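Working notes for the structure below.
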Amino acid sequence: MAAVWAAAFPVVSSLGPHRVWGASACVGYLCAAVAVLSRRSLGRAVSVWIAGIGAVLVPLVVLVLTGGAQSEVGVVERAGLLTVRQGTPYLADPQAVVEVTPYLPGMALFGLPGAVVADGWEPLRYLGDARLWCAAAFLGCLWAAGRVLGARACPRGTGQLVGAALIASPVVALPLAVSGVDLPLTGLLCLALALAARHRPVAAGLALALACSLKWTAWPALAVVAALLAHRAGLGAALRGTGVAVAGTVLAVLPSALLAPGPLVEQVFAFPTGRGEWETPAASPLPGRLLADLGPFGWYAAMTLLAAGGVAVAVSLWVRPPAGLVPAADRLAVGLCTAFLLAPAGRFGYLALPVLLSVWARLAEAPSRVAPARSRVVAAGSAARPVLVGGDR
């Protein structure tokens with residue numbers, strides 16, 4: 001299925017980077033399928049790494065070296081350069097849609113390496129590609145979340161194989177190669193949920209603050225993490241985590257809010273919702289977009305439905321708070337799906353975020369379910385073993 005999905009991109013996509021990814025990933029997935037059919041014990045592991053090379057490594061290297069990328073990569077790199085020059089990532093008077101920065105100030109961090117090496121040695125400039133740093137942040141967050149959840153308890157090598165399979169899957173490989181700007185947000189949300197599930201409210205709040213300073217679509221996670229902390233560690237822990245998250249977000253956004261309040265509101269909030277001066281390219285035919293196309297009444301109808309969906313998710317958190325990592329990830333995924341489907345502007349690609357959250361949570365929880373079972377077997381064996389003393393040897 002992954003090979004069929006990838007093969008469609010060179011045929012139907014109008015975006016060059018997507019076609020490059022599709023051609024490379026299709027070959028990688030097909031070779032992986034051949035490898036997994038091998039009867040050798042290493043067939044499955046080899047297939048995962050082959051898929052990763054074809055779907056992630058090769059297209060990423062080719063696109064970085066040739067400069068092929070979705071437009072948001074250039075937006076993030078320009079945001080980093082503007083932050084260095086003027087202290088804020090927003091142009092006061094953008095002259096084209098590509099000059100709009102629809103992200104909160106934290107996203108500019110991934111453009112800072114490009115600003116540093118912009119005038120340096122030519123080969124060194126490739127290291128300024130924002131995708132590389134977005135990928136590094138994403139992988140680092142997943143690694144940290146695995147450590148928090150105790151993923152090392154799984155059978156030797158299994159955790160690494162499962163993680164590699166997730167990264168090689170189309171839901172991660174495609175954005176990682178062509179864009180990558182949503183991956184740090186995803187990784188930080190995974191880390192925040194993992195920390196909250198392990199009763200670490202301050203650390204969860206810090207991870208949330210970083211996520212919420214990248215894109216405002218991360219803000220629904222505040223309610224989900226607060227509900228999880230309240231259920232697992234008490235109201236005090238929920239208040240501490242939420243307070244750290246809100247304070248950290250405010251500190252990250254405040255300088256730009258003071259230096260460029262108008263551009264920030266126009267580009268970060270009005271533009272993505274279809275109310276800005278420039279029309280957003282996020283125009284997939286989702287329900288909210290179809291309603292917004294009907295005119296002002298349709299736009300208000302979409303916003304009303306969006307608000308109603310948010311209230312419904314909030315009520316569900318109050319009535320039945322999530323008790324663990326998987327329920328919390330699922331609840332956040334439902335909230336994000338509601339937002340993406342009913343927003344006046346959006347892309348089908350945005351739905352990869354909630355899908356990834358739900359899949360990751362199940363994969364991450366698997367080792368913690370395996371470890372107690374193994375411990376019980378060991379304990380039972382120890383209890384059943386006769387005690388040998390003296391001449392009983």
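Numbering starts fresh at 1 for the residues of each chain in the structure tokens, the chains themselves are lettered A, B, ... in the order given, and ligands are numbered from 1 as they appear.
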Val202 of chain A environment, 9 Å, only C-alpha atoms, sequence neighbours closer than 5 positions dropped, as an MDAnalysis selection string: chainID A and resid 195:196 207 237 240:245
For the residues in that selection, give me all heavy atoms as an mmCIF file, in the first residue's frame.
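Result file follows (selection-v9.cif):
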data_model
loop_
_atom_site.group_PDB
_atom_site.id
_atom_site.type_symbol
_atom_site.label_atom_id
_atom_site.label_comp_id
_atom_site.auth_asym_id
_atom_site.auth_seq_id
_atom_site.Cartn_x
_atom_site.Cartn_y
_atom_site.Cartn_z
ATOM 1 N N LEU A 195 5.531 12.994 29.153
ATOM 2 C CA LEU A 195 5.906 13.548 30.457
ATOM 3 C C LEU A 195 4.697 13.649 31.373
ATOM 4 O O LEU A 195 4.788 13.368 32.573
ATOM 5 C CB LEU A 195 6.546 14.925 30.261
ATOM 6 C CG LEU A 195 7.945 14.917 29.624
ATOM 7 C CD1 LEU A 195 8.316 16.314 29.142
ATOM 8 C CD2 LEU A 195 8.985 14.401 30.608
ATOM 9 N N ALA A 196 3.562 14.062 30.820
ATOM 10 C CA ALA A 196 2.349 14.143 31.638
ATOM 11 C C ALA A 196 1.911 12.764 32.112
ATOM 12 O O ALA A 196 1.465 12.594 33.255
ATOM 13 C CB ALA A 196 1.232 14.813 30.841
ATOM 14 N N ALA A 207 7.714 21.490 27.533
ATOM 15 C CA ALA A 207 7.549 20.952 26.181
ATOM 16 C C ALA A 207 6.346 21.590 25.488
ATOM 17 O O ALA A 207 6.406 21.918 24.296
ATOM 18 C CB ALA A 207 7.389 19.436 26.237
ATOM 19 N N ALA A 237 -0.803 19.463 40.165
ATOM 20 C CA ALA A 237 0.121 19.176 39.065
ATOM 21 C C ALA A 237 -0.397 19.750 37.758
ATOM 22 O O ALA A 237 0.372 20.284 36.950
ATOM 23 C CB ALA A 237 0.326 17.666 38.935
ATOM 24 N N ARG A 240 0.274 23.462 37.792
ATOM 25 C CA ARG A 240 1.696 23.769 37.588
ATOM 26 C C ARG A 240 2.074 23.591 36.125
ATOM 27 O O ARG A 240 2.760 24.435 35.535
ATOM 28 C CB ARG A 240 2.565 22.879 38.474
ATOM 29 C CG ARG A 240 2.516 23.206 39.940
ATOM 30 C CD ARG A 240 3.679 22.581 40.702
ATOM 31 N NE ARG A 240 3.702 21.127 40.565
ATOM 32 C CZ ARG A 240 3.008 20.291 41.325
ATOM 33 N NH1 ARG A 240 2.223 20.765 42.280
ATOM 34 N NH2 ARG A 240 3.106 18.985 41.154
ATOM 35 N N GLY A 241 1.688 22.483 35.545
ATOM 36 C CA GLY A 241 2.022 22.248 34.145
ATOM 37 C C GLY A 241 1.430 23.290 33.222
ATOM 38 O O GLY A 241 2.107 23.804 32.320
ATOM 39 N N THR A 242 0.156 23.624 33.435
ATOM 40 C CA THR A 242 -0.497 24.624 32.589
ATOM 41 C C THR A 242 0.133 25.998 32.781
ATOM 42 O O THR A 242 0.333 26.741 31.814
ATOM 43 C CB THR A 242 -1.997 24.697 32.921
ATOM 44 O OG1 THR A 242 -2.573 23.393 32.774
ATOM 45 C CG2 THR A 242 -2.705 25.664 31.999
ATOM 46 N N GLY A 243 0.456 26.323 34.025
ATOM 47 C CA GLY A 243 1.083 27.624 34.288
ATOM 48 C C GLY A 243 2.431 27.764 33.604
ATOM 49 O O GLY A 243 2.734 28.816 33.015
ATOM 50 N N VAL A 244 3.246 26.721 33.658
ATOM 51 C CA VAL A 244 4.550 26.752 32.981
ATOM 52 C C VAL A 244 4.363 26.880 31.475
ATOM 53 O O VAL A 244 5.073 27.650 30.813
ATOM 54 C CB VAL A 244 5.359 25.476 33.322
ATOM 55 C CG1 VAL A 244 6.600 25.371 32.436
ATOM 56 C CG2 VAL A 244 5.766 25.483 34.785
ATOM 57 N N ALA A 245 3.399 26.150 30.915
ATOM 58 C CA ALA A 245 3.163 26.192 29.471
ATOM 59 C C ALA A 245 2.709 27.573 29.016
ATOM 60 O O ALA A 245 3.219 28.116 28.020
ATOM 61 C CB ALA A 245 2.127 25.138 29.076
#
May I have the residues within 7 Å of segment 101-115 of chain A as a list in words, using only C-alpha atoms and disregarding those fewer than 3 positions away in the same chain? Val75, Val76, Glu77, Arg78, Ala79, Gly80, Leu81, Pro89, Tyr90, Ala118, Arg125, Gly128, Asp129, Ala130, Trp133, Cys134, Ser213, Leu214, Lys215, Ala252, Val253, Ser256, Gln267, Val268, Phe271 and Pro272 of chain A
Using only C-alpha atoms: which of A:Ala301, A:Cys31, A:Leu222, A:Ala25 has the shortest distance to Val58 of chain A: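 Residue with the minimum atom-to-atom distance to Val58 of chain A: A:Ala25.
For the residues A:Leu166, A:Val46, A:Ala343, A:Val97, ranking by smallest atom-to-atom distance to Tyr300 of chain A using only C-alpha atoms places A:Ala343 first.
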DSSP-assigned helix (DSSP H, G or I) among segment 233-336 of chain A, expressed as a ChimeraX atom specification: /A:233,235-259,261-270,287-292,296-319,325-336
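Minimum distance to Val311 of chain A across A:Ala223, A:Val100, A:Val359, A:Leu353 (counting only C-alpha atoms) occurs at A:Ala223.
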May I ask for the distance between atom CA of Gly68 of chain A and atom CA of Tyr29 of chain A, given in Å to one decimal place?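 Answer for the atom CA of Gly68 of chain A to atom CA of Tyr29 of chain A separation: 21.9 Å.
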Counting only C-alpha atoms, figure out which residue out of A:Ala144, A:Ile53, A:Ala69, A:Val48 gets nearest to Val27 of chain A. A:Ile53
With only C-alpha atoms as the counted atoms, please give the residues lying no more than 12 Å from Val172 of chain A, apart from itself and same-chain residues fewer than 2 positions off, as a PyMOL selection string. chain A and resi 2+25+52+55-56+135+138-139+163-170+174-184+186-187+349-357+359-360
Selected residue of minimal separation from Gly335 of chain A among A:Ala238, A:Val224, A:Leu210, A:Val162, counting only C-alpha atoms: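 For Gly335 of chain A, the nearest of the given residues is A:Val224.
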Extract, using only C-alpha atoms, all DNA, RNA and protein residues at most 10 Å from Ala260 of chain A, discarding same-chain residues fewer than 5 positions from it, and format them as JSON, numbers by chain. {"A": [87, 88, 89, 90, 91, 92, 254, 255, 265]}
Shell around Leu228 of chain A at 7 Å using only C-alpha atoms, local window under 4 positions removed, as a VMD selection string: chain A and resid 196 to 197 224 232 321 to 324 328
Output the selection as a PDB file, in the first residue's frame - N, CA, C and O atoms for each residue.
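That gives us result.pdb:
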ATOM      1  N   ALA A 196       3.562  14.062  30.820  1.00  0.00           N
ATOM      2  CA  ALA A 196       2.349  14.143  31.638  1.00  0.00           C
ATOM      3  C   ALA A 196       1.911  12.764  32.112  1.00  0.00           C
ATOM      4  O   ALA A 196       1.465  12.594  33.255  1.00  0.00           O
ATOM      5  N   ALA A 197       2.056  11.749  31.248  1.00  0.00           N
ATOM      6  CA  ALA A 197       1.674  10.388  31.627  1.00  0.00           C
ATOM      7  C   ALA A 197       2.577   9.843  32.725  1.00  0.00           C
ATOM      8  O   ALA A 197       2.188   8.909  33.440  1.00  0.00           O
ATOM      9  N   VAL A 224      -5.759  19.096  26.957  1.00  0.00           N
ATOM     10  CA  VAL A 224      -5.610  17.641  27.050  1.00  0.00           C
ATOM     11  C   VAL A 224      -4.548  17.269  28.084  1.00  0.00           C
ATOM     12  O   VAL A 224      -4.764  16.379  28.928  1.00  0.00           O
ATOM     13  N   ARG A 232      -3.996  11.941  36.634  1.00  0.00           N
ATOM     14  CA  ARG A 232      -2.900  11.074  37.059  1.00  0.00           C
ATOM     15  C   ARG A 232      -2.165  11.596  38.288  1.00  0.00           C
ATOM     16  O   ARG A 232      -1.677  10.809  39.093  1.00  0.00           O
ATOM     17  N   PRO A 321     -12.002  12.555  31.797  1.00  0.00           N
ATOM     18  CA  PRO A 321     -10.601  12.884  31.490  1.00  0.00           C
ATOM     19  C   PRO A 321      -9.817  11.648  31.070  1.00  0.00           C
ATOM     20  O   PRO A 321     -10.100  10.536  31.540  1.00  0.00           O
ATOM     21  N   PRO A 322      -8.845  11.815  30.197  1.00  0.00           N
ATOM     22  CA  PRO A 322      -8.035  10.665  29.756  1.00  0.00           C
ATOM     23  C   PRO A 322      -7.230  10.104  30.915  1.00  0.00           C
ATOM     24  O   PRO A 322      -6.655  10.842  31.704  1.00  0.00           O
ATOM     25  N   ALA A 323      -7.173   8.771  30.984  1.00  0.00           N
ATOM     26  CA  ALA A 323      -6.501   8.106  32.101  1.00  0.00           C
ATOM     27  C   ALA A 323      -5.077   7.695  31.782  1.00  0.00           C
ATOM     28  O   ALA A 323      -4.355   7.252  32.662  1.00  0.00           O
ATOM     29  N   GLY A 324      -4.657   7.792  30.528  1.00  0.00           N
ATOM     30  CA  GLY A 324      -3.322   7.360  30.158  1.00  0.00           C
ATOM     31  C   GLY A 324      -2.877   7.983  28.855  1.00  0.00           C
ATOM     32  O   GLY A 324      -3.569   8.830  28.274  1.00  0.00           O
ATOM     33  N   ALA A 328      -5.243  10.004  25.991  1.00  0.00           N
ATOM     34  CA  ALA A 328      -4.927  11.426  25.844  1.00  0.00           C
ATOM     35  C   ALA A 328      -4.539  11.759  24.409  1.00  0.00           C
ATOM     36  O   ALA A 328      -4.980  12.775  23.851  1.00  0.00           O
TER      37      ALA A 328
END
Can you list, as a ChimeraX atom specification, every protein, DNA or RNA residue that comes within 10 Å of Met1 of chain A when you count only C-alpha atoms, leaving out same-chain residues fewer than 6 positions away? /A:7,26,29-30
